[in-house]
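J.: Sending over a structure as structure tokens; questions will come in a sec.
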Amino acid sequence: MSLLTINGVTKQFVTRGEGVLAPKATFTAVDNVSFEVELGETLAIVGESGSGKSTTARIAARLLEPTSGTVEFDGQDVTRATGKDLARFRNNVQVVFQDPFSSLNPRYTIERIVTAPLTYQGIAPKGGRRAFAQELMERVGLNPDHCQRYPAQFSGGQAQRIGIARALAVNPKLVICDEAVSALDVSIQAQVLKLLMRLQRESGFSYIFIAHDLAVVRQISQRVAVMNKGKIVELGSRDQIFSDPQDEYTKTLLAAVPRINPEWDRRRRSLGRAREAS
Ligand SMILES: Nc1ncnc2c1ncn2[C@@H]1O[C@H](COP(=O)(O)OP(=O)(O)OP(=O)(O)O)[C@@H](O)[C@H]1O
């Protein structure tokens with residue numbers, strides 16, 4: 001049985017009308033999308049800007065209700081779950097967003113931020129909040145003594161590690177990474193990717209990994225869904241998608257990946273390391 005099943009999901013938005021030149025209209029952002037995520041796997045969703053990746057992710061996380069179709073988690077239909085059922089689902093499905101700073105309250109200490117998911121649910125960690133926060137910090141490769149600091153005292157890569165620590169606090173079964181490494185420098189990106197892969201090996205949860213960057217997707221995913229204009233045009237194993245794409249749009253997307261100049265990449269990496277160290 002799959003962990004998550006997205007079944008024929010469609011999401012329409014009604015755009016605000018602005019007079020006769022731009023009348024009110026219905027826009028289909030996600031169009032009859034279906035896929036499954038197995039426990040322990042990483043499914044990447046790729047596609048150009050506006051193709052519907054984030055809307056699909058938000059529906060999968062129940063941050064948005066679909067116009068039609070269903071979302072099943074662990075065999076339960078959670079499409080319109082409320083109350084305790086929704087709370088249980090939210091425990092199991094965590095989201096890591098693109099901009100780490102915008103999702104961390106600048107006025108809260110890291111200890112308060114990473115333990116917030118427990119606070120919402122009235123759970124008191126056994127050894128106390130401080131020890132729990134310190135353990136999470138260690139798991140994501142941050143100095144546990146820094147848990148009394150504030151978000152502004154961390155670099156972008158470190159802030160994203162804090163976002164990941166917060167997601168792990170409730171022991172989720174599925175983590176949705178929505179462009180989670182896109183805002184980071186290449187070398188920091190590589191470190192965070194390594195961290196995400198290590199955490200998955202340790203805890204066995206699944207990822208839905210949304211990204212523009214196909215090199216990143218190739219590194220982390222086992223299966224890839226390609227979206228175009230709200231539809232999944234192709235879904236297959238990573239190797240099939242990258243070595244033997246069937247759909248014309250997938251072929252175009254792969255052909256558009258720039259070739260990296262090794263010297264330029266080396267410089268970017270050392271610059272990134274220097275920034276992270278400072
Ligand atoms: N709340 C909303 N109201 C109206 N239109 C929306 C809303 N949210 C998203 N859209 C539109 O739906 C389409 C899909 O957006 P979505 O953010 O899912 O795409 P995306 O593939 O994630 O793009 P990006 O990579 O740029 O984040 C876009 O055309 C977007 O403008």
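Residues in the structure tokens are named by chain (A, B, ... in the order shown) and by number from 1 within that chain; ligands are numbered from 1 in the order shown.
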Could you report the residues within 6 Å of ligand 1, using only C-alpha atoms and all ligand atoms, as a compact mmCIF listing (two decimals) with N, CA and C atoms, in the first residue's frame?

T.:
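Final output, part.txt:
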# COMPACT_ATOMS: atom_id res chain seq x y z
N PHE A 13 -8.46 28.09 -9.75
CA PHE A 13 -8.51 29.36 -9.04
C PHE A 13 -9.40 30.30 -9.83
N THR A 15 -9.77 33.94 -10.88
CA THR A 15 -8.97 35.16 -10.86
C THR A 15 -9.90 36.36 -10.66
N ALA A 29 -4.97 25.38 -12.36
CA ALA A 29 -3.53 25.32 -12.04
C ALA A 29 -3.03 23.87 -12.02
N GLU A 48 8.56 23.69 -15.45
CA GLU A 48 8.93 25.10 -15.44
C GLU A 48 8.01 25.88 -14.49
N SER A 49 8.40 27.14 -14.27
CA SER A 49 7.65 28.00 -13.38
C SER A 49 6.19 28.09 -13.84
N GLY A 50 5.27 27.94 -12.89
CA GLY A 50 3.85 28.05 -13.22
C GLY A 50 3.22 26.75 -13.69
N SER A 51 3.98 25.65 -13.68
CA SER A 51 3.43 24.39 -14.19
C SER A 51 2.51 23.70 -13.19
N GLY A 52 2.48 24.20 -11.94
CA GLY A 52 1.54 23.63 -10.96
C GLY A 52 2.20 22.78 -9.88
N LYS A 53 3.53 22.81 -9.78
CA LYS A 53 4.24 21.97 -8.81
C LYS A 53 3.87 22.34 -7.37
N SER A 54 3.97 23.63 -7.05
CA SER A 54 3.71 24.05 -5.66
C SER A 54 2.25 23.86 -5.29
N THR A 55 1.36 24.11 -6.23
CA THR A 55 -0.07 23.91 -5.93
C THR A 55 -0.31 22.43 -5.61

J.: Using DSSP assignments from the backbone, pull out every residue in range 2-228 of chain A that falls under helix (DSSP H, G or I) and give it to me as an MDAnalysis selection string.

T.: chainID A and resid 53:60 83:92 101:103 110:120 129:139 144:148 151:153 156:168 186:203 214:220

J.: Can you list every residue in range 4-240 of chain A that DSSP puts in strand (DSSP E or B), as a VMD selection string?

T.: chain A and resid 4 to 15 18 22 25 to 37 42 to 46 68 to 73 76 to 77 93 to 96 174 to 178 206 to 210 223 to 228 231 to 237

J.: With C-alpha atoms retained, write the just-selected residues as a PDB file, in the first residue's frame.

T.:
ATOM      1  CA  LEU A   4       0.290   8.931  -0.215  1.00  0.00           C
ATOM      2  CA  THR A   5      -2.125   8.642  -3.117  1.00  0.00           C
ATOM      3  CA  ILE A   6      -3.103  11.692  -5.127  1.00  0.00           C
ATOM      4  CA  ASN A   7      -6.074  10.668  -7.192  1.00  0.00           C
ATOM      5  CA  GLY A   8      -7.347  12.751 -10.130  1.00  0.00           C
ATOM      6  CA  VAL A   9      -6.687  16.037  -8.353  1.00  0.00           C
ATOM      7  CA  THR A  10      -7.725  19.286 -10.032  1.00  0.00           C
ATOM      8  CA  LYS A  11      -7.334  22.776  -8.606  1.00  0.00           C
ATOM      9  CA  GLN A  12      -9.015  25.783 -10.134  1.00  0.00           C
ATOM     10  CA  PHE A  13      -8.508  29.362  -9.037  1.00  0.00           C
ATOM     11  CA  VAL A  14     -10.962  32.111  -9.831  1.00  0.00           C
ATOM     12  CA  THR A  15      -8.966  35.163 -10.857  1.00  0.00           C
ATOM     13  CA  GLU A  18     -10.541  43.936 -13.301  1.00  0.00           C
ATOM     14  CA  ALA A  22      -9.738  41.453 -17.638  1.00  0.00           C
ATOM     15  CA  ALA A  25     -12.022  33.896 -15.053  1.00  0.00           C
ATOM     16  CA  THR A  26     -11.398  30.370 -13.874  1.00  0.00           C
ATOM     17  CA  PHE A  27      -7.829  29.165 -14.130  1.00  0.00           C
ATOM     18  CA  THR A  28      -6.893  25.487 -13.846  1.00  0.00           C
ATOM     19  CA  ALA A  29      -3.529  25.318 -12.043  1.00  0.00           C
ATOM     20  CA  VAL A  30      -3.563  21.534 -11.527  1.00  0.00           C
ATOM     21  CA  ASP A  31      -5.409  19.365 -13.995  1.00  0.00           C
ATOM     22  CA  ASN A  32      -6.397  15.791 -13.107  1.00  0.00           C
ATOM     23  CA  VAL A  33      -3.107  14.837 -11.491  1.00  0.00           C
ATOM     24  CA  SER A  34      -2.550  11.357 -10.030  1.00  0.00           C
ATOM     25  CA  PHE A  35       0.516   9.803  -8.424  1.00  0.00           C
ATOM     26  CA  GLU A  36       1.579   7.716  -5.462  1.00  0.00           C
ATOM     27  CA  VAL A  37       4.434   8.009  -3.000  1.00  0.00           C
ATOM     28  CA  THR A  42      11.831  10.282  -2.975  1.00  0.00           C
ATOM     29  CA  LEU A  43       9.514  11.409  -5.724  1.00  0.00           C
ATOM     30  CA  ALA A  44      10.635  14.580  -7.460  1.00  0.00           C
ATOM     31  CA  ILE A  45       8.226  16.914  -9.246  1.00  0.00           C
ATOM     32  CA  VAL A  46       9.843  19.028 -11.941  1.00  0.00           C
ATOM     33  CA  SER A  68     -11.926  17.786  -7.235  1.00  0.00           C
ATOM     34  CA  GLY A  69     -10.055  14.525  -6.694  1.00  0.00           C
ATOM     35  CA  THR A  70      -8.834  12.918  -3.489  1.00  0.00           C
ATOM     36  CA  VAL A  71      -5.789  12.767  -1.234  1.00  0.00           C
ATOM     37  CA  GLU A  72      -5.253   9.508   0.664  1.00  0.00           C
ATOM     38  CA  PHE A  73      -2.661   9.039   3.335  1.00  0.00           C
ATOM     39  CA  GLN A  76      -7.313   7.110   4.802  1.00  0.00           C
ATOM     40  CA  ASP A  77      -9.091   9.693   2.665  1.00  0.00           C
ATOM     41  CA  VAL A  93       3.365  15.378   6.687  1.00  0.00           C
ATOM     42  CA  GLN A  94       5.786  18.265   7.088  1.00  0.00           C
ATOM     43  CA  VAL A  95       6.793  20.925   4.575  1.00  0.00           C
ATOM     44  CA  VAL A  96      10.166  22.617   4.103  1.00  0.00           C
ATOM     45  CA  LEU A 174       6.462  12.358   4.539  1.00  0.00           C
ATOM     46  CA  VAL A 175       8.480  15.547   4.115  1.00  0.00           C
ATOM     47  CA  ILE A 176       7.570  17.845   1.236  1.00  0.00           C
ATOM     48  CA  CYS A 177      10.527  19.963   0.132  1.00  0.00           C
ATOM     49  CA  ASP A 178       9.186  22.807  -1.994  1.00  0.00           C
ATOM     50  CA  SER A 206       9.490   9.729   2.126  1.00  0.00           C
ATOM     51  CA  TYR A 207      10.143  12.975   0.283  1.00  0.00           C
ATOM     52  CA  ILE A 208       8.213  14.834  -2.349  1.00  0.00           C
ATOM     53  CA  PHE A 209      10.988  16.969  -3.735  1.00  0.00           C
ATOM     54  CA  ILE A 210       9.985  19.958  -5.849  1.00  0.00           C
ATOM     55  CA  ARG A 223      11.240   8.629  -9.366  1.00  0.00           C
ATOM     56  CA  VAL A 224      10.420  11.816 -11.232  1.00  0.00           C
ATOM     57  CA  ALA A 225       7.092  13.347 -12.267  1.00  0.00           C
ATOM     58  CA  VAL A 226       7.278  15.985 -14.996  1.00  0.00           C
ATOM     59  CA  MET A 227       4.584  18.671 -14.938  1.00  0.00           C
ATOM     60  CA  ASN A 228       3.552  20.974 -17.746  1.00  0.00           C
ATOM     61  CA  LYS A 231      -0.670  18.074 -15.926  1.00  0.00           C
ATOM     62  CA  ILE A 232       1.807  15.286 -15.246  1.00  0.00           C
ATOM     63  CA  VAL A 233       3.105  14.600 -18.740  1.00  0.00           C
ATOM     64  CA  GLU A 234       5.506  11.846 -17.719  1.00  0.00           C
ATOM     65  CA  LEU A 235       6.276   9.879 -14.572  1.00  0.00           C
ATOM     66  CA  GLY A 236       9.030   7.301 -14.368  1.00  0.00           C
ATOM     67  CA  SER A 237      12.159   6.130 -12.616  1.00  0.00           C
TER      68      SER A 237
END

J.: Neighbours of Pro100 in chain A within 6 Å (only C-alpha atoms; same-chain residues fewer than 3 positions away dropped), as a PyMOL selection string?

T.: chain A and resi 103+159-160

J.: Please determine, counting only C-alpha atoms, which residue among A:Gly40, A:Gly128, A:Gly230, A:Gly163 has the shortest atom-to-atom distance to Gln200 in chain A.

T.: A:Gly40

J.: To one decimal place in Å, what is the distance between CA of Thr115 in chain A and CA of Gln153 in chain A?

T.: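 Value for the CA of Thr115 in chain A-CA of Gln153 in chain A distance: 18.4 Å.
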
J.: Just how far from CA of Gln121 in chain A is CA of Arg88 in chain A, in Å to one decimal?

T.: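 Going from CA of Arg88 in chain A over to CA of Gln121 in chain A covers 9.7 Å.
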
J.: Pick out the residues sitting within 12 Å of Tyr108 in chain A, and hand them over as a list in words; count only C-alpha atoms, and ignore anything fewer than 4 positions along from it in its own chain.

T.: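 Final neighbour list, sorted by chain and number: Phe101, Ser103, Leu104, Arg112, Ile113, Val114, Thr115, Ala116, Cys147, Gln148, Arg149, Tyr150, Pro151, Ala152 and Gln153 of chain A.
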
J.: I'd like the contact shell of range 131-138 of chain A - 12 Å cut-off, only C-alpha atoms, skipping same-chain residues fewer than 4 positions apart - returned as an NGL selection string.

T.: :A and (109-118 or 123-127 or 142-149 or 158-171 or 195 or 199)

J.: Report the distance between CA of Gln246 in chain A and CA of Glu41 in chain A in Å, rounded to one decimal place.

T.: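 Distance between the two atoms: 22.5 Å.
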
J.: Report as a PyMOL selection string all protein, DNA and RNA residues lying within 12 Å of range 155-157 of chain A, evaluated on only C-alpha atoms, omitting residues in the same chain fewer than 5 positions from it.

T.: chain A and resi 98-104+140-142+150+162-164+180-193+195+272-278
